[in-house]
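Below is one structure; the comments refer to it alone.
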Amino acid sequence: MSSIKPSYYFFLFLMAVCCFSCKKSEIPVVGTDSSGIIIGNTTTSNDTTKITVGSLLVKYSKTAPCYPDNEVFTFAAASSAYPSSANTYYWYFGDGGSATGTNVQHAYNATGAYAVLLEIKNSSDNLLASTTFSVQAWGQQIKLVPSFYTQFDFSTNTNYVTFNSTSSINKGSVVNYLWTWGDGTTYNASNGLTRHQFPAVNKDIIYPVKLTITADAGCTADTIINVTIPATYPIKGDFNAVAYNACSNEYFQFTPTASNVPAGAVYYWNFSTGRGDTTASLPIQYHYQYMNDYDVIMKIYLNSRLIYTTHKMVSAKGENPAPQARFFPAWISTNGNISETWGFTSQSTILHGGISGYYWNLGNGNIDTTYDVFTQSTYQKNTAPTNYTIRLIVTGNGCADTAYNTIQVSAK
């Protein structure tokens, strides 16, 4: 086939592989002609690469590998020293394929770097010149499918949104993610997970967020998802909770005092009794059946979206919180014509909590707050039987009740 030793072709191949990591415009090309080994010059302009080895000029270009196109290489060679009319140009594409002619085409099925060998032979099959160079192929119909989803991971900052790409590619890999947020800013990243802080605004805004992905082959594709960023309202404050009729039929009146609430907002209330949220005209009233401390929550919604929440503890007395006072008197002893001693025992009750105090007015000028359910007092006898009015005041839950009883002390 030629007089050149096989070891020379091995040398050519090594040179091509070693220089593949260089930039296209710097790839050294080995060539031979009748004068010996010549290092070729390589230049790239637009999409065409030119390789000059002595009098031999090799050019190649390729079409885009991006779907729906096919990546096709076009190779051309010419030499004033070796006209095609008298010589044959043989191409070996490095993947087992070959062709002859000064203008040929070839498509690579798999991604990779390939060492292309061009040989020029005369009619006697003698090798007149050769050159080898490396080309990068990406394969056929590289298809990108861009997609992503959003998450609002931070309930206290609904303007800070998480974006996660779920894009795919059939060949190669995605090397760049360009996010166009729709708010006038963009972000380039090498991976598909990122977060973005949208501006704080006083009304809901829909941003068309676009993701553009780029493959290592240079193919691009994009998709758009509309992301609604809720308005941010500088609401402050809470509400007043005022109890009425505390010791008879207690109810609370709740009045919002929060400021900067937008027009059209709706208030919801949770009174922590297991009945869920409720809404009504303001101010809102509520009656607690049982004595307890309740964590009342006020929520503000606008267009069915929660925009503010606050809470406050209230202490309810419940139904019938006041004590019921009653007692009975009992004669204890007499001291002749001088005096009588009487005892008084409370039979007072309370439904919730406990009685916290007893106030005895014993009718003879004596006041007793020392004893609880029992007290006694001595009454002087007069020339005629004398009536004394005894009064008991019991307190509990901040409420009070009074009971009266009358005793008669006999005459001297």
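By order in the structure tokens, chains are A, B, ...; within a chain, residues start at 1; ligands start at 1, following the order shown.
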- prompt: DSSP says strand (DSSP E or B) for which residues of range 50-248 of chain A? Put them as a PyMOL selection string?
  reply: chain A and resi 50-53+56-62+66+73-79+87-92+98-100+103-106+112-122+127-137+142+144-145+148-151+160-165+168-169+174-180+186-189+193-197+205-215+220-229+236+239-244
Can you write just those residues out, C-alpha atoms, as an mmCIF file, in the first residue's frame?
data_model
loop_
_atom_site.group_PDB
_atom_site.id
_atom_site.type_symbol
_atom_site.label_atom_id
_atom_site.label_comp_id
_atom_site.auth_asym_id
_atom_site.auth_seq_id
_atom_site.Cartn_x
_atom_site.Cartn_y
_atom_site.Cartn_z
ATOM 1 C CA LYS A 50 -8.801 24.854 7.927
ATOM 2 C CA ILE A 51 -5.657 22.731 8.150
ATOM 3 C CA THR A 52 -2.652 23.583 6.025
ATOM 4 C CA VAL A 53 0.121 21.043 5.573
ATOM 5 C CA LEU A 56 -2.308 20.528 1.180
ATOM 6 C CA LEU A 57 -5.395 22.402 2.432
ATOM 7 C CA VAL A 58 -8.002 20.477 4.421
ATOM 8 C CA LYS A 59 -11.304 22.027 5.478
ATOM 9 C CA TYR A 60 -14.129 20.607 7.527
ATOM 10 C CA SER A 61 -17.375 21.831 9.037
ATOM 11 C CA LYS A 62 -20.425 20.200 10.568
ATOM 12 C CA CYS A 66 -29.476 19.358 18.011
ATOM 13 C CA PHE A 73 -19.323 16.474 8.932
ATOM 14 C CA THR A 74 -18.242 17.761 5.547
ATOM 15 C CA PHE A 75 -14.577 17.277 4.689
ATOM 16 C CA ALA A 76 -12.789 18.865 1.724
ATOM 17 C CA ALA A 77 -9.171 18.657 0.627
ATOM 18 C CA ALA A 78 -7.137 20.185 -2.207
ATOM 19 C CA SER A 79 -3.445 20.385 -3.118
ATOM 20 C CA ASN A 87 -4.458 11.094 -7.461
ATOM 21 C CA THR A 88 -6.947 9.593 -5.024
ATOM 22 C CA TYR A 89 -7.878 11.076 -1.649
ATOM 23 C CA TYR A 90 -8.629 8.435 1.014
ATOM 24 C CA TRP A 91 -10.422 9.388 4.251
ATOM 25 C CA TYR A 92 -10.460 7.258 7.419
ATOM 26 C CA SER A 98 -14.018 5.615 5.246
ATOM 27 C CA ALA A 99 -14.581 7.436 1.972
ATOM 28 C CA THR A 100 -12.732 8.611 -1.108
ATOM 29 C CA ASN A 103 -15.314 16.313 -0.869
ATOM 30 C CA VAL A 104 -16.870 13.762 1.470
ATOM 31 C CA GLN A 105 -19.389 13.625 4.317
ATOM 32 C CA HIS A 106 -19.575 11.511 7.438
ATOM 33 C CA GLY A 112 -16.374 11.269 21.223
ATOM 34 C CA ALA A 113 -13.101 12.566 19.811
ATOM 35 C CA TYR A 114 -12.069 10.910 16.573
ATOM 36 C CA ALA A 115 -8.713 10.943 14.761
ATOM 37 C CA VAL A 116 -9.361 11.537 11.048
ATOM 38 C CA LEU A 117 -6.650 10.335 8.630
ATOM 39 C CA LEU A 118 -6.341 11.636 5.068
ATOM 40 C CA GLU A 119 -4.014 9.892 2.646
ATOM 41 C CA ILE A 120 -3.221 10.916 -0.933
ATOM 42 C CA LYS A 121 -2.062 8.164 -3.251
ATOM 43 C CA ASN A 122 -1.151 8.021 -6.889
ATOM 44 C CA LEU A 127 1.488 7.325 -0.562
ATOM 45 C CA LEU A 128 2.283 10.869 -1.598
ATOM 46 C CA ALA A 129 1.053 12.782 1.441
ATOM 47 C CA SER A 130 -1.007 12.312 4.576
ATOM 48 C CA THR A 131 -2.353 14.251 7.512
ATOM 49 C CA THR A 132 -4.286 13.404 10.635
ATOM 50 C CA PHE A 133 -6.376 15.638 12.870
ATOM 51 C CA SER A 134 -8.908 15.317 15.622
ATOM 52 C CA VAL A 135 -12.610 16.178 15.491
ATOM 53 C CA GLN A 136 -15.147 16.279 18.316
ATOM 54 C CA ALA A 137 -18.451 14.615 17.496
ATOM 55 C CA ILE A 142 -29.400 15.546 20.736
ATOM 56 C CA LEU A 144 -33.127 18.438 25.496
ATOM 57 C CA VAL A 145 -36.344 18.316 27.504
ATOM 58 C CA PHE A 148 -38.581 22.405 36.569
ATOM 59 C CA TYR A 149 -40.816 22.792 39.579
ATOM 60 C CA THR A 150 -41.134 25.366 42.343
ATOM 61 C CA GLN A 151 -41.520 25.131 46.103
ATOM 62 C CA TYR A 160 -38.032 33.334 48.615
ATOM 63 C CA VAL A 161 -38.736 30.474 46.206
ATOM 64 C CA THR A 162 -36.927 27.201 45.525
ATOM 65 C CA PHE A 163 -36.477 26.084 41.905
ATOM 66 C CA ASN A 164 -35.413 22.573 40.951
ATOM 67 C CA SER A 165 -34.707 21.455 37.389
ATOM 68 C CA SER A 168 -33.372 15.515 30.727
ATOM 69 C CA ILE A 169 -31.136 14.880 27.720
ATOM 70 C CA VAL A 174 -26.530 19.541 30.633
ATOM 71 C CA VAL A 175 -23.705 21.946 31.464
ATOM 72 C CA ASN A 176 -25.519 25.204 32.121
ATOM 73 C CA TYR A 177 -28.804 26.411 33.597
ATOM 74 C CA LEU A 178 -29.830 29.973 32.812
ATOM 75 C CA TRP A 179 -32.703 31.256 34.948
ATOM 76 C CA THR A 180 -34.568 34.331 33.737
ATOM 77 C CA THR A 186 -31.028 36.386 35.579
ATOM 78 C CA TYR A 187 -28.817 33.707 37.077
ATOM 79 C CA ASN A 188 -26.378 31.247 35.496
ATOM 80 C CA ALA A 189 -25.628 28.007 37.321
ATOM 81 C CA LEU A 193 -31.178 23.592 42.070
ATOM 82 C CA THR A 194 -31.334 27.213 43.165
ATOM 83 C CA ARG A 195 -33.417 29.759 45.100
ATOM 84 C CA HIS A 196 -34.463 33.273 44.232
ATOM 85 C CA GLN A 197 -35.676 36.211 46.303
ATOM 86 C CA ILE A 205 -47.546 39.476 40.767
ATOM 87 C CA ILE A 206 -47.169 36.638 38.263
ATOM 88 C CA TYR A 207 -43.601 36.237 37.006
ATOM 89 C CA PRO A 208 -42.905 34.181 33.823
ATOM 90 C CA VAL A 209 -39.822 32.296 35.018
ATOM 91 C CA LYS A 210 -37.835 30.826 32.122
ATOM 92 C CA LEU A 211 -35.238 28.069 32.361
ATOM 93 C CA THR A 212 -32.797 27.720 29.443
ATOM 94 C CA ILE A 213 -30.603 24.640 29.528
ATOM 95 C CA THR A 214 -27.465 24.117 27.450
ATOM 96 C CA ALA A 215 -25.892 20.765 26.577
ATOM 97 C CA THR A 220 -30.241 24.726 24.016
ATOM 98 C CA ALA A 221 -33.896 24.485 24.988
ATOM 99 C CA ASP A 222 -36.113 26.456 27.325
ATOM 100 C CA THR A 223 -39.414 26.336 29.146
ATOM 101 C CA ILE A 224 -41.499 28.860 31.089
ATOM 102 C CA ILE A 225 -43.581 28.463 34.245
ATOM 103 C CA ASN A 226 -45.694 31.282 35.646
ATOM 104 C CA VAL A 227 -44.905 31.778 39.333
ATOM 105 C CA THR A 228 -47.277 33.820 41.475
ATOM 106 C CA ILE A 229 -45.470 35.823 44.145
ATOM 107 C CA LYS A 236 -48.577 44.938 62.772
ATOM 108 C CA PHE A 239 -56.627 42.575 68.913
ATOM 109 C CA ASN A 240 -58.413 43.566 72.106
ATOM 110 C CA ALA A 241 -60.241 40.953 74.182
ATOM 111 C CA VAL A 242 -62.745 42.379 76.671
ATOM 112 C CA ALA A 243 -64.941 40.249 78.976
ATOM 113 C CA TYR A 244 -68.496 41.280 79.842
#
message: Could you list, as a VMD selection string, every residue within 10 Å of range 374-390 of chain A, counting only C-alpha atoms and ignoring same-chain residues fewer than 6 positions away?
response: chain A and resid 327 to 347 358 360 to 364 366 to 368 403 to 412
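CA of Ala325 in chain A is found 8.8 Å from CA of Thr395 in chain A.
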message: Using only C-alpha atoms, which protein or nucleic acid residues come within 10 Å of range 302-304 of chain A? Drop anything in the same chain fewer than 2 positions from it, and give the result as a PyMOL selection string.
response: chain A and resi 231+261-267+300+306-308
query: Using only C-alpha atoms, which residues sit within 8 Å of Thr309 in chain A once same-chain residues fewer than 6 positions away are excluded, as a PyMOL selection string?
result: chain A and resi 297-300
task: Pick out the closest residue to Gly353 in chain A from this set: A:Asp95, A:Asp204, A:Glu319, A:Asp295. Count only C-alpha atoms.
output: A:Glu319
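Distances to Asn260 in chain A were evaluated for A:Asp238, A:Thr279, A:Gly96, A:Tyr233 using only C-alpha atoms, and the minimum falls at A:Tyr233.
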statement: One decimal place gives the CA of Ala258 in chain A-CA of Ile235 in chain A separation as 6.6 Å
query: Excluding same-chain residues fewer than 3 positions from Gln141 in chain A, what lies within 7 Å of it counting only C-alpha atoms, as a VMD selection string?
result: chain A and resid 65 to 70
For CA of Gly94 in chain A and CA of Thr42 in chain A, the interatomic separation in Å (one decimal): 19.3 Å
field: Long-range neighbours of Ser272 in chain A as a ChimeraX atom specification, 12 Å cut-off, only C-alpha atoms, 6 positions minimum in chain
entry: /A:278,286,288,290,292-298,311-316
Put those residues in a file: N, CA, C and O atoms, as a PDB file, in the first residue's frame.
ATOM      1  N   THR A 278     -63.696  30.472  62.507  1.00  0.00           N
ATOM      2  CA  THR A 278     -64.995  31.085  62.232  1.00  0.00           C
ATOM      3  C   THR A 278     -64.777  32.533  61.845  1.00  0.00           C
ATOM      4  O   THR A 278     -63.764  33.137  62.185  1.00  0.00           O
ATOM      5  N   TYR A 286     -67.839  36.029  71.649  1.00  0.00           N
ATOM      6  CA  TYR A 286     -67.773  34.581  71.861  1.00  0.00           C
ATOM      7  C   TYR A 286     -68.013  34.266  73.336  1.00  0.00           C
ATOM      8  O   TYR A 286     -67.530  34.988  74.224  1.00  0.00           O
ATOM      9  N   TYR A 288     -67.647  31.320  76.282  1.00  0.00           N
ATOM     10  CA  TYR A 288     -66.985  30.073  76.679  1.00  0.00           C
ATOM     11  C   TYR A 288     -67.844  29.330  77.695  1.00  0.00           C
ATOM     12  O   TYR A 288     -68.312  29.914  78.676  1.00  0.00           O
ATOM     13  N   TYR A 290     -66.730  26.624  79.490  1.00  0.00           N
ATOM     14  CA  TYR A 290     -65.945  26.126  80.613  1.00  0.00           C
ATOM     15  C   TYR A 290     -64.862  27.121  81.000  1.00  0.00           C
ATOM     16  O   TYR A 290     -64.311  27.834  80.152  1.00  0.00           O
ATOM     17  N   ASN A 292     -61.291  28.228  81.722  1.00  0.00           N
ATOM     18  CA  ASN A 292     -59.983  27.778  81.250  1.00  0.00           C
ATOM     19  C   ASN A 292     -59.240  28.980  80.685  1.00  0.00           C
ATOM     20  O   ASN A 292     -59.797  30.071  80.523  1.00  0.00           O
ATOM     21  N   ASP A 293     -57.962  28.756  80.375  1.00  0.00           N
ATOM     22  CA  ASP A 293     -57.177  29.733  79.618  1.00  0.00           C
ATOM     23  C   ASP A 293     -57.175  29.284  78.162  1.00  0.00           C
ATOM     24  O   ASP A 293     -56.831  28.134  77.859  1.00  0.00           O
ATOM     25  N   TYR A 294     -57.528  30.191  77.265  1.00  0.00           N
ATOM     26  CA  TYR A 294     -57.674  29.850  75.854  1.00  0.00           C
ATOM     27  C   TYR A 294     -56.740  30.717  75.013  1.00  0.00           C
ATOM     28  O   TYR A 294     -56.656  31.932  75.212  1.00  0.00           O
ATOM     29  N   ASP A 295     -56.074  30.069  74.052  1.00  0.00           N
ATOM     30  CA  ASP A 295     -55.189  30.782  73.138  1.00  0.00           C
ATOM     31  C   ASP A 295     -56.004  31.163  71.903  1.00  0.00           C
ATOM     32  O   ASP A 295     -56.268  30.339  71.025  1.00  0.00           O
ATOM     33  N   VAL A 296     -56.416  32.413  71.833  1.00  0.00           N
ATOM     34  CA  VAL A 296     -57.252  32.891  70.732  1.00  0.00           C
ATOM     35  C   VAL A 296     -56.349  33.330  69.573  1.00  0.00           C
ATOM     36  O   VAL A 296     -55.410  34.102  69.766  1.00  0.00           O
ATOM     37  N   ILE A 297     -56.649  32.817  68.382  1.00  0.00           N
ATOM     38  CA  ILE A 297     -55.836  33.101  67.197  1.00  0.00           C
ATOM     39  C   ILE A 297     -56.658  33.920  66.205  1.00  0.00           C
ATOM     40  O   ILE A 297     -57.777  33.539  65.854  1.00  0.00           O
ATOM     41  N   MET A 298     -56.088  35.026  65.771  1.00  0.00           N
ATOM     42  CA  MET A 298     -56.709  35.844  64.728  1.00  0.00           C
ATOM     43  C   MET A 298     -55.922  35.679  63.437  1.00  0.00           C
ATOM     44  O   MET A 298     -54.702  35.846  63.418  1.00  0.00           O
ATOM     45  N   HIS A 311     -51.910  35.915  67.952  1.00  0.00           N
ATOM     46  CA  HIS A 311     -52.702  35.209  68.970  1.00  0.00           C
ATOM     47  C   HIS A 311     -52.527  35.882  70.332  1.00  0.00           C
ATOM     48  O   HIS A 311     -51.594  36.658  70.551  1.00  0.00           O
ATOM     49  N   LYS A 312     -53.443  35.532  71.248  1.00  0.00           N
ATOM     50  CA  LYS A 312     -53.425  36.114  72.595  1.00  0.00           C
ATOM     51  C   LYS A 312     -54.152  35.158  73.534  1.00  0.00           C
ATOM     52  O   LYS A 312     -55.166  34.555  73.168  1.00  0.00           O
ATOM     53  N   MET A 313     -53.653  35.040  74.761  1.00  0.00           N
ATOM     54  CA  MET A 313     -54.291  34.209  75.775  1.00  0.00           C
ATOM     55  C   MET A 313     -55.388  34.996  76.483  1.00  0.00           C
ATOM     56  O   MET A 313     -55.204  36.165  76.832  1.00  0.00           O
ATOM     57  N   VAL A 314     -56.558  34.338  76.705  1.00  0.00           N
ATOM     58  CA  VAL A 314     -57.630  34.932  77.498  1.00  0.00           C
ATOM     59  C   VAL A 314     -58.028  33.926  78.576  1.00  0.00           C
ATOM     60  O   VAL A 314     -57.981  32.711  78.363  1.00  0.00           O
ATOM     61  N   SER A 315     -58.391  34.439  79.740  1.00  0.00           N
ATOM     62  CA  SER A 315     -58.834  33.599  80.855  1.00  0.00           C
ATOM     63  C   SER A 315     -60.344  33.732  80.983  1.00  0.00           C
ATOM     64  O   SER A 315     -60.855  34.797  81.345  1.00  0.00           O
ATOM     65  N   ALA A 316     -61.035  32.650  80.666  1.00  0.00           N
ATOM     66  CA  ALA A 316     -62.496  32.659  80.707  1.00  0.00           C
ATOM     67  C   ALA A 316     -62.985  32.031  82.007  1.00  0.00           C
ATOM     68  O   ALA A 316     -62.411  31.050  82.495  1.00  0.00           O
TER      69      ALA A 316
END
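With only C-alpha atoms as the atoms that count, the minimum distance from His352 in chain A to the choices A:Gln285, A:Ile393, A:Tyr371, A:Met291 is reached by A:Met291.
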